[in-house]
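Since the structure comes first, as structure tokens, the remarks are kept for the end.
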Amino acid sequence: MMDSNSISEINENLYITKNPSSQRSISSVQSIQTNSSTELGGPKPLRYGSVGPDSIRLSTSYRDINEEEARLVYVNDPHRTNSNFQFAGNSIKTSKYSILTFLPRNLFEQFRRIAYLYFLVIAILNQLPQLAVFGREASILPLAFVLLVTAVKDLYEDYRRHRSDKIENNRLSMVLSSESNNFQTKKWKHIRVGDIIKVSENESLPCDMVLLSTSDPTGVAYIQTTNLDGESNLKTRYAKQETQIRNLENGDIGIIVIKCEKPNRNIYGFQANMDFEGKRVSLGPSNIVLRGCELRNTKWAIGVAVYTGKETKAMLNNSGAPSKRSRLETRMNREIIYLSIFLVTLCTVVCISHGVWLRKHEDELDLMQFYRKKDYSKSEVENYEYYGLGMEIFFVFLMSVIVFQVMIPISLYISMELVRVGQAYFMIQDDRMFDEATNSRFQCRALNINEDLGQIKYVFSDKTGTLTENKMEFQCASIGGVDYDNGKASSEDGGIEYSLVQVDGVILRPKMSVKVDIELLNLSKRKDTDEGKHVRDFFLALATCNTIVPLTIECSDPAVKLIEYQGESPDEQALVYAAASYGFMLIERTSGHIVVDIQGERQRFNVLGMHEFDSDRKRMSVILGFPDNTVKLYVKGADTSMLDVINNSSNTNNNIIKPTQAHLHSYSSKGLRTLVIASRELTLSEFEHWQSSYESANNALMGRSNLLRKIAVNIENNLGLLGASGIEDKLQEGVPEAIESLRTAGIKVWVLTGDKQETAVSIGYSSKLLTNEMTRIVINNNSKDSCKKSLEDALGVCKKVKNGVSGAVNSQLALIIDGSSLVYVLDTELEEQLFELASKCDVVLCCRVAPLQKAGIVALMKKRTDDMTLAIGDGANDVSMIQKADVGIGISGQEGRQAVMASDFAMGQFRFLVPLLLVHGHWNYQRMSYMILYNFYRNAVFVLILFWYVLFTGFTLTTAITDWSSMLYSIIYTSLPTIVVGILDKDLSRATLLKHPQLYGAGQRNESYNGKLFWVTIIDTLWQSIAVFFVPLVAYWASNVDGSSLGDLWTIAVVVLVNVHLAMDLFRWYWITHAAIWGSIIATFVCVMVIDALPFLPGYWAFFHVADTKLFWVCLLGITIGALIPHFVVKIFVQYYKPNDIQIAREAEKFQDSRVSRQMQIEMYPIS
């Protein structure tokens, strides 16, 4: 028991710095630091398995700072601050270019693509007189067109960034003038480190500031961080009382020096000390407010700028999603290498043949027409553009490269970009992926991996907020060893009389009502019984041991106001609403006290200290000073950490522990989230010892975080067990059906969660991830040797089950493993065994895992298999997993937007994964695969026509096709149809793809793009090029038609051929498809006529001569039919005699024959 003088002295001298953080905040710290550590440089490679849950060892702000790392900020003296240190100004720049740097930098970035360098070299070679095959202007056109389109796009995007920067930098704030001691208006870009800034309610913060004073007498300020991390709940930040009591508005500053850490990306951490009139005061995350946040429910706040401009935490985190490259594009490079080898082979054949031809006709070269080795126009006879046999062969090789350059399709790259933009548009506009609850559409944040969505084999999913709604609802409680389940006797109105509080004539009631247990409610009214005191202590712990901020909001009845509890943790919100429903209503919270209305009696508790949640302790605690001068410690946390600090020597605890453990197991089995609540009354000596230790640790510059953690561990022991809570986190709509569809599609779904095993297993069953027919393999170990034995035993069981030894033939397997076991498996030689076991299991459920362990599991599969991986999550603790996977998807849920900001795609619900993968993913993969092969075919057939012509012209690289037609072939003649088809074509309808998820396996098996299809395409190309070239050659062999006329025929023939070829392969016709295909053919005719109508170009009027004969049109028709007959025959043969799943489904869809539909299901590939 403590006397009133002691309590008063404590309250006057002790101002504990609080950081209202939650488990998710700490996780957020970890995830952000995990991803930024590589960029910041220096850290060792991550060890996924050796890091405990939500580890903070990578957090910059939790490291000790020393003299070299620290920065000094002289408050209200920016000149002195910035004269000693060159700090960044507050002007921000998100744009990439300036007027002077745009051209060189943009060109540099574009030419990082090897293909662009290839075509640049080709264009340069063509400028040399000895190698000039095409017109110099024409040779530059394709590359210039691609560079121009990309540059215009980049210029527009950067213009928007410039405009946004200008608006941001010219915003206004009130800054204290050191000369007049008055606040004056200043633009944001002119603010410097050391300036004192005043921010009014609803204004944005211009930089990262340490709070000095607020309009609240206790120094509290409410901050909304939506613009920073997407979380809409208000956060509490505090000004130190040493500066709060100063009249800062009138310039009463004094000499204040802040020593803080260097700028870093950790938005949830801050470490500094403030020297003030000979005293040193520690500063933490609760004392800093960050740029981009908004001041809410606080009239004004005054702070000093410590980080400005590009050094603010918001700007340091403004890096966007990581760049990823699609699997299809990576495999495409292999085929481009093959085409390059083919190109070199053609050039080698030409140059060697040319050398043989020169040697054979060596004596005829002097006067040979069109060659003329000797120049007789001058008195002295000399060689005329002849450099000897060796150089001639070399020049011909280079000229061959120039002529055959389109073998490498430069237009393919820009076509792929345009197709991806179109595909993204239709994904975004898909109303079936529109989330009405959040009013948000699907987001496509990475345009370069759309087709990867059609090849996913593994889905790694978070549980809370991803499979579940993350909207917590209090369901039951175990208090004093008694289970109070709301299902037994509950009422929504039973606690109404105690959840109504009258303040200044206005009735306050909680915004959300919770069902109450009538028995428990009646028991809570009995103040004089031991059971009643125990229950009241339990609910008082729920109402006070948290970081919730109570806010009053208006409602339709002016005599009634609602209390809304805002906090960073949905669990805490649910517990506080539950306490309010039982009559323990949190009304007011400041930095120094809490006001709770206890069933009509208002009580004020002094907050004497708080230890926030951290990943090592897995609990939080608060020390309260009661009105009767007693001091109590309330603690809540995970059962794994709480049961170890319960006082087992107490008979009361011994009678409670076993029943409570049984209740915890029961709650977890129902899928409820559990927390254990405990308390202890502190003696005066215990509290004074804690107080002195805390002050010493809190003011330490080195090792502060470790010291505070040790102090928390020392005080949080010998606790009296109050009870446990059960909170329900309901499954999202459509999750069981979505998981079933994904598994039917051959996609393995793994769930990686930080929850208890029982909770995760229960959710697994309710979501249909686990079934009763599955054989469950559970690995829970605390040593490396036991893990090794468990893995070996599990592999033996797996082998027996798969071989039918256990009696369950082809039984499905489910692996359940916890984070403690993964500590000894990941990054060790046991990884290989885990991979072998997990690969044989149909479902893997990992519980109690840390964020880094989630990333480690994804890395485990990526390193050892070529299968595509997808990670989906909603919280900051999922960021490392999302960025590690081939495809990362963020859920825009209750935990902010950290996952969304780090993802490649974002959506509102897990169930949207089904249409995204099975429909859009399938379409995107099929379209892009065909487009790549078609581009290879389209360009190769054109090059082979040029090659055949070279064989009949003495290997001199003369071309019958005009220079402009050669250049326009890939730009105008044939480019638009393939883009339109790549965006719009659909091999199967949405309904069919959703009805038969097995069809998704076509992408997993690479059926639309593989080496076999590539070589079949090349063979088909070879035949078609022969038909296009030799049909006109034979037809006009004895005629007087010149080369230019034949060149026009070949040009039009190849354009008609490739477009009709495309039309034959189409699945869906739209008006824009007709316009693109037939319009391209018409455009080719027009362009050829325009080119031949210009008298200064070669081949003047050639087209009009040759097109005037019937033979021209007969050849055109014969070429098209003859070239496409093999393609048509093979296509029909495959569809009718060796059809795949897609072709069977298309026939069933086409004819809607139930018999065919049944046959389709039988003939589908088995899911591996």
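By order of appearance in the structure tokens: chains A, B, ..., then residues from 1 within every chain, and ligands from 1 in the order shown.
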
Neighbours of region 662-673 of chain A within 6 Å (only C-alpha atoms; same-chain residues fewer than 6 positions away dropped), as a PDB file with N, CA, C and O atoms, in the first residue's frame?
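Final output, saved to around-v9.pdb:
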```pdb
ATOM      1  N   GLY A 726     -11.566 -14.645 -25.999  1.00  0.00           N
ATOM      2  CA  GLY A 726     -11.688 -15.274 -27.314  1.00  0.00           C
ATOM      3  C   GLY A 726     -12.335 -14.310 -28.287  1.00  0.00           C
ATOM      4  O   GLY A 726     -13.451 -13.832 -28.051  1.00  0.00           O
ATOM      5  N   ILE A 727     -11.636 -13.998 -29.365  1.00  0.00           N
ATOM      6  CA  ILE A 727     -12.114 -13.019 -30.345  1.00  0.00           C
ATOM      7  C   ILE A 727     -12.257 -13.713 -31.685  1.00  0.00           C
ATOM      8  O   ILE A 727     -11.353 -14.437 -32.126  1.00  0.00           O
ATOM      9  N   GLU A 728     -13.371 -13.481 -32.335  1.00  0.00           N
ATOM     10  CA  GLU A 728     -13.616 -14.107 -33.633  1.00  0.00           C
ATOM     11  C   GLU A 728     -13.215 -13.168 -34.762  1.00  0.00           C
ATOM     12  O   GLU A 728     -13.554 -11.989 -34.752  1.00  0.00           O
ATOM     13  N   GLU A 758      -3.828 -24.186 -33.193  1.00  0.00           N
ATOM     14  CA  GLU A 758      -5.233 -24.591 -33.122  1.00  0.00           C
ATOM     15  C   GLU A 758      -6.117 -23.624 -33.904  1.00  0.00           C
ATOM     16  O   GLU A 758      -7.045 -24.031 -34.610  1.00  0.00           O
ATOM     17  N   THR A 759      -5.825 -22.323 -33.771  1.00  0.00           N
ATOM     18  CA  THR A 759      -6.602 -21.319 -34.498  1.00  0.00           C
ATOM     19  C   THR A 759      -6.420 -21.486 -36.001  1.00  0.00           C
ATOM     20  O   THR A 759      -7.392 -21.449 -36.769  1.00  0.00           O
ATOM     21  N   SER A 762      -8.232 -24.606 -37.263  1.00  0.00           N
ATOM     22  CA  SER A 762      -9.682 -24.396 -37.312  1.00  0.00           C
ATOM     23  C   SER A 762     -10.089 -23.579 -38.530  1.00  0.00           C
ATOM     24  O   SER A 762     -11.044 -23.919 -39.244  1.00  0.00           O
ATOM     25  N   ILE A 763      -9.342 -22.511 -38.796  1.00  0.00           N
ATOM     26  CA  ILE A 763      -9.614 -21.702 -39.989  1.00  0.00           C
ATOM     27  C   ILE A 763      -9.376 -22.530 -41.246  1.00  0.00           C
ATOM     28  O   ILE A 763     -10.083 -22.401 -42.246  1.00  0.00           O
TER      29      ILE A 763
END
```

Just want the 8 Å neighbourhood of Gly637 (chain A), counted on only C-alpha atoms, with same-chain residues fewer than 4 positions away dropped. Output as a ChimeraX atom specification. /A:618-620,641-642,675-677

Export, as an mmCIF file, in the first residue's frame, the selected residues with N, CA and C atoms.
```cif
data_model
loop_
_atom_site.group_PDB
_atom_site.id
_atom_site.type_symbol
_atom_site.label_atom_id
_atom_site.label_comp_id
_atom_site.auth_asym_id
_atom_site.auth_seq_id
_atom_site.Cartn_x
_atom_site.Cartn_y
_atom_site.Cartn_z
ATOM 1 N N LYS A 618 6.200 -10.592 -26.476
ATOM 2 C CA LYS A 618 4.871 -10.933 -26.997
ATOM 3 C C LYS A 618 3.760 -10.518 -26.032
ATOM 4 N N ARG A 619 3.948 -9.411 -25.384
ATOM 5 C CA ARG A 619 2.935 -8.900 -24.466
ATOM 6 C C ARG A 619 3.153 -7.408 -24.258
ATOM 7 N N MET A 620 2.154 -6.744 -23.683
ATOM 8 C CA MET A 620 2.270 -5.341 -23.304
ATOM 9 C C MET A 620 1.762 -5.189 -21.882
ATOM 10 N N SER A 641 3.635 -16.715 -24.045
ATOM 11 C CA SER A 641 4.519 -15.860 -23.243
ATOM 12 C C SER A 641 3.928 -15.557 -21.875
ATOM 13 N N MET A 642 2.609 -15.543 -21.765
ATOM 14 C CA MET A 642 1.977 -15.150 -20.508
ATOM 15 C C MET A 642 2.001 -16.256 -19.461
ATOM 16 N N LEU A 675 -6.097 -14.169 -26.102
ATOM 17 C CA LEU A 675 -5.156 -13.381 -25.325
ATOM 18 C C LEU A 675 -5.334 -13.741 -23.856
ATOM 19 N N VAL A 676 -4.252 -13.737 -23.120
ATOM 20 C CA VAL A 676 -4.283 -14.024 -21.691
ATOM 21 C C VAL A 676 -4.097 -12.710 -20.930
ATOM 22 N N ILE A 677 -4.904 -12.522 -19.872
ATOM 23 C CA ILE A 677 -4.883 -11.298 -19.084
ATOM 24 C C ILE A 677 -4.408 -11.632 -17.679
#
```

I need the residues of region 948-1107 of chain A that end up classed as alpha helix (DSSP H) by DSSP on the backbone, written out as a PyMOL selection string. chain A and resi 948-951+963-968+975-984+990-995+1001-1004+1011-1035+1043-1065+1071-1092+1102-1106

Asp985 (chain A) environment, 8 Å, only C-alpha atoms, sequence neighbours closer than 2 positions dropped, as a VMD selection string: chain A and resid 923 927 980 to 983 987 1066 to 1069

So that I have them on file, write out the residues from the current selection with N, CA, C and O atoms, as a JSON list (two decimals), in the first residue's frame.
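See out_39.json below for the written result:
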```json
[["chain", "number", "residue", "atom", "x", "y", "z"],
["A", 923, "TRP", "N", -6.21, -15.88, -69.78],
["A", 923, "TRP", "CA", -6.28, -15.10, -71.01],
["A", 923, "TRP", "C", -4.95, -14.41, -71.31],
["A", 923, "TRP", "O", -4.45, -14.45, -72.43],
["A", 927, "ARG", "N", -2.75, -15.16, -74.63],
["A", 927, "ARG", "CA", -2.59, -14.08, -75.61],
["A", 927, "ARG", "C", -1.12, -13.73, -75.81],
["A", 927, "ARG", "O", -0.65, -13.61, -76.95],
["A", 980, "VAL", "N", -4.05, -5.79, -81.09],
["A", 980, "VAL", "CA", -5.48, -5.93, -80.81],
["A", 980, "VAL", "C", -5.81, -7.34, -80.35],
["A", 980, "VAL", "O", -6.55, -7.54, -79.37],
["A", 981, "VAL", "N", -5.27, -8.33, -81.02],
["A", 981, "VAL", "CA", -5.51, -9.71, -80.63],
["A", 981, "VAL", "C", -4.93, -9.99, -79.25],
["A", 981, "VAL", "O", -5.55, -10.68, -78.42],
["A", 982, "GLY", "N", -3.76, -9.44, -78.97],
["A", 982, "GLY", "CA", -3.14, -9.64, -77.66],
["A", 982, "GLY", "C", -3.94, -9.05, -76.52],
["A", 982, "GLY", "O", -3.82, -9.49, -75.37],
["A", 983, "ILE", "N", -4.77, -8.07, -76.81],
["A", 983, "ILE", "CA", -5.59, -7.44, -75.77],
["A", 983, "ILE", "C", -6.97, -8.08, -75.66],
["A", 983, "ILE", "O", -7.49, -8.27, -74.56],
["A", 987, "ASP", "N", -9.70, -17.38, -75.79],
["A", 987, "ASP", "CA", -9.84, -18.74, -76.28],
["A", 987, "ASP", "C", -11.05, -19.44, -75.66],
["A", 987, "ASP", "O", -11.64, -20.33, -76.27],
["A", 1066, "LEU", "N", -7.57, -16.91, -84.71],
["A", 1066, "LEU", "CA", -8.39, -16.14, -83.78],
["A", 1066, "LEU", "C", -9.50, -16.98, -83.19],
["A", 1066, "LEU", "O", -10.05, -17.87, -83.84],
["A", 1067, "PHE", "N", -9.88, -16.65, -81.94],
["A", 1067, "PHE", "CA", -10.99, -17.33, -81.28],
["A", 1067, "PHE", "C", -12.24, -16.44, -81.21],
["A", 1067, "PHE", "O", -13.35, -16.93, -81.27],
["A", 1068, "ARG", "N", -12.05, -15.14, -80.99],
["A", 1068, "ARG", "CA", -13.17, -14.22, -80.86],
["A", 1068, "ARG", "C", -12.98, -13.07, -81.84],
["A", 1068, "ARG", "O", -11.90, -12.48, -81.93],
["A", 1069, "TRP", "N", -14.07, -12.77, -82.56],
["A", 1069, "TRP", "CA", -14.03, -11.65, -83.51],
["A", 1069, "TRP", "C", -14.85, -10.48, -82.96],
["A", 1069, "TRP", "O", -15.96, -10.66, -82.48]]
```

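Residues surrounding Ile1125 (chain A) within 12 Å are Asp1020, Trp1023, Gln1024, Ala1027, Leu1057, Val1060, His1061, Met1064, Gly1118, Ile1119, Thr1120, Ile1121, Gly1122, Phe1128, Val1129, Val1130, Lys1131 and Ile1132 of chain A [only C-alpha atoms; sequence separation below 3 positions excluded].
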
Would you mind exporting N, CA and C atoms of the selected residues as a JSON list (two decimals), in the first residue's frame?
```json
[["chain", "number", "residue", "atom", "x", "y", "z"],
["A", 1020, "ASP", "N", 7.04, -24.11, -90.07],
["A", 1020, "ASP", "CA", 5.91, -23.56, -90.82],
["A", 1020, "ASP", "C", 6.33, -22.28, -91.54],
["A", 1023, "TRP", "N", 8.32, -23.06, -94.76],
["A", 1023, "TRP", "CA", 7.46, -23.44, -95.88],
["A", 1023, "TRP", "C", 6.73, -22.23, -96.46],
["A", 1024, "GLN", "N", 6.19, -21.39, -95.59],
["A", 1024, "GLN", "CA", 5.43, -20.24, -96.08],
["A", 1024, "GLN", "C", 6.31, -19.26, -96.85],
["A", 1027, "ALA", "N", 6.78, -20.62, -100.32],
["A", 1027, "ALA", "CA", 5.58, -20.42, -101.14],
["A", 1027, "ALA", "C", 5.48, -18.97, -101.61],
["A", 1057, "LEU", "N", -0.64, -12.76, -96.25],
["A", 1057, "LEU", "CA", -0.45, -14.09, -95.68],
["A", 1057, "LEU", "C", -0.44, -14.06, -94.16],
["A", 1060, "VAL", "N", -3.92, -13.18, -92.73],
["A", 1060, "VAL", "CA", -4.88, -14.28, -92.85],
["A", 1060, "VAL", "C", -4.51, -15.41, -91.89],
["A", 1061, "HIS", "N", -3.19, -15.64, -91.75],
["A", 1061, "HIS", "CA", -2.71, -16.63, -90.77],
["A", 1061, "HIS", "C", -3.22, -16.27, -89.38],
["A", 1064, "MET", "N", -6.93, -16.94, -89.04],
["A", 1064, "MET", "CA", -7.24, -18.36, -88.88],
["A", 1064, "MET", "C", -7.11, -18.80, -87.42],
["A", 1118, "GLY", "N", -3.05, -17.71, -104.87],
["A", 1118, "GLY", "CA", -2.34, -18.98, -104.80],
["A", 1118, "GLY", "C", -1.34, -19.03, -103.66],
["A", 1119, "ILE", "N", -0.64, -17.93, -103.46],
["A", 1119, "ILE", "CA", 0.34, -17.87, -102.36],
["A", 1119, "ILE", "C", -0.36, -18.08, -101.02],
["A", 1120, "THR", "N", -1.46, -17.37, -100.81],
["A", 1120, "THR", "CA", -2.16, -17.45, -99.53],
["A", 1120, "THR", "C", -2.66, -18.86, -99.25],
["A", 1121, "ILE", "N", -3.27, -19.48, -100.27],
["A", 1121, "ILE", "CA", -3.81, -20.83, -100.08],
["A", 1121, "ILE", "C", -2.69, -21.85, -99.93],
["A", 1122, "GLY", "N", -1.71, -21.79, -100.82],
["A", 1122, "GLY", "CA", -0.63, -22.77, -100.78],
["A", 1122, "GLY", "C", 0.20, -22.68, -99.52],
["A", 1128, "PHE", "N", -3.19, -25.27, -91.89],
["A", 1128, "PHE", "CA", -4.60, -25.61, -91.71],
["A", 1128, "PHE", "C", -4.78, -27.11, -91.46],
["A", 1129, "VAL", "N", -4.06, -27.94, -92.21],
["A", 1129, "VAL", "CA", -4.19, -29.39, -92.07],
["A", 1129, "VAL", "C", -3.72, -29.84, -90.69],
["A", 1130, "VAL", "N", -2.55, -29.34, -90.26],
["A", 1130, "VAL", "CA", -2.03, -29.71, -88.94],
["A", 1130, "VAL", "C", -2.98, -29.24, -87.84],
["A", 1131, "LYS", "N", -3.52, -28.06, -87.99],
["A", 1131, "LYS", "CA", -4.44, -27.49, -87.00],
["A", 1131, "LYS", "C", -5.68, -28.38, -86.86],
["A", 1132, "ILE", "N", -6.26, -28.80, -87.98],
["A", 1132, "ILE", "CA", -7.45, -29.65, -87.96],
["A", 1132, "ILE", "C", -7.11, -31.03, -87.37]]
```

Mind checking which residues fall within 12 Å of Leu834 (chain A), counting only C-alpha atoms, ignoring those fewer than 4 positions away in the same chain, and posting them as an MDAnalysis selection string? chainID A and resid 779 787:795 815:817 821:822 824:830 838:841 844 857 860:861 864

Backbone-only DSSP, strand (DSSP E) members of region 833-952 of chain A, as a PyMOL selection string: chain A and resi 843-847+868-873+887-891+905-907

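Of the residues under consideration (A:Gly388, A:Gly355, A:Pro1032, A:Pro409), A:Pro409 shows the shortest atom-to-atom contact distance to Asn935 (chain A) when counting only C-alpha atoms.
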
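Residues surrounding region 173-179 of chain A within 9 Å are Asn76, Asp77, Phe183, Gln184, Thr185, Lys186, Lys187, Trp188, Ile191, Asp195, Ile196, Ile197, Lys198, Val199, Leu205, Pro206, Glu249 and Gly251 of chain A [only C-alpha atoms; sequence separation below 4 positions excluded].
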
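Closest approach to Asn439 (chain A) from the set A:Met907, A:Leu752, A:Ile563, A:Met931 is made by A:Met907, with distances taken over only C-alpha atoms.
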
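Distances from A:Asn782, A:Leu999, A:Thr978, A:Trp1113 to Val419 (chain A) were compared using only C-alpha atoms, and the smallest one belongs to A:Thr978.
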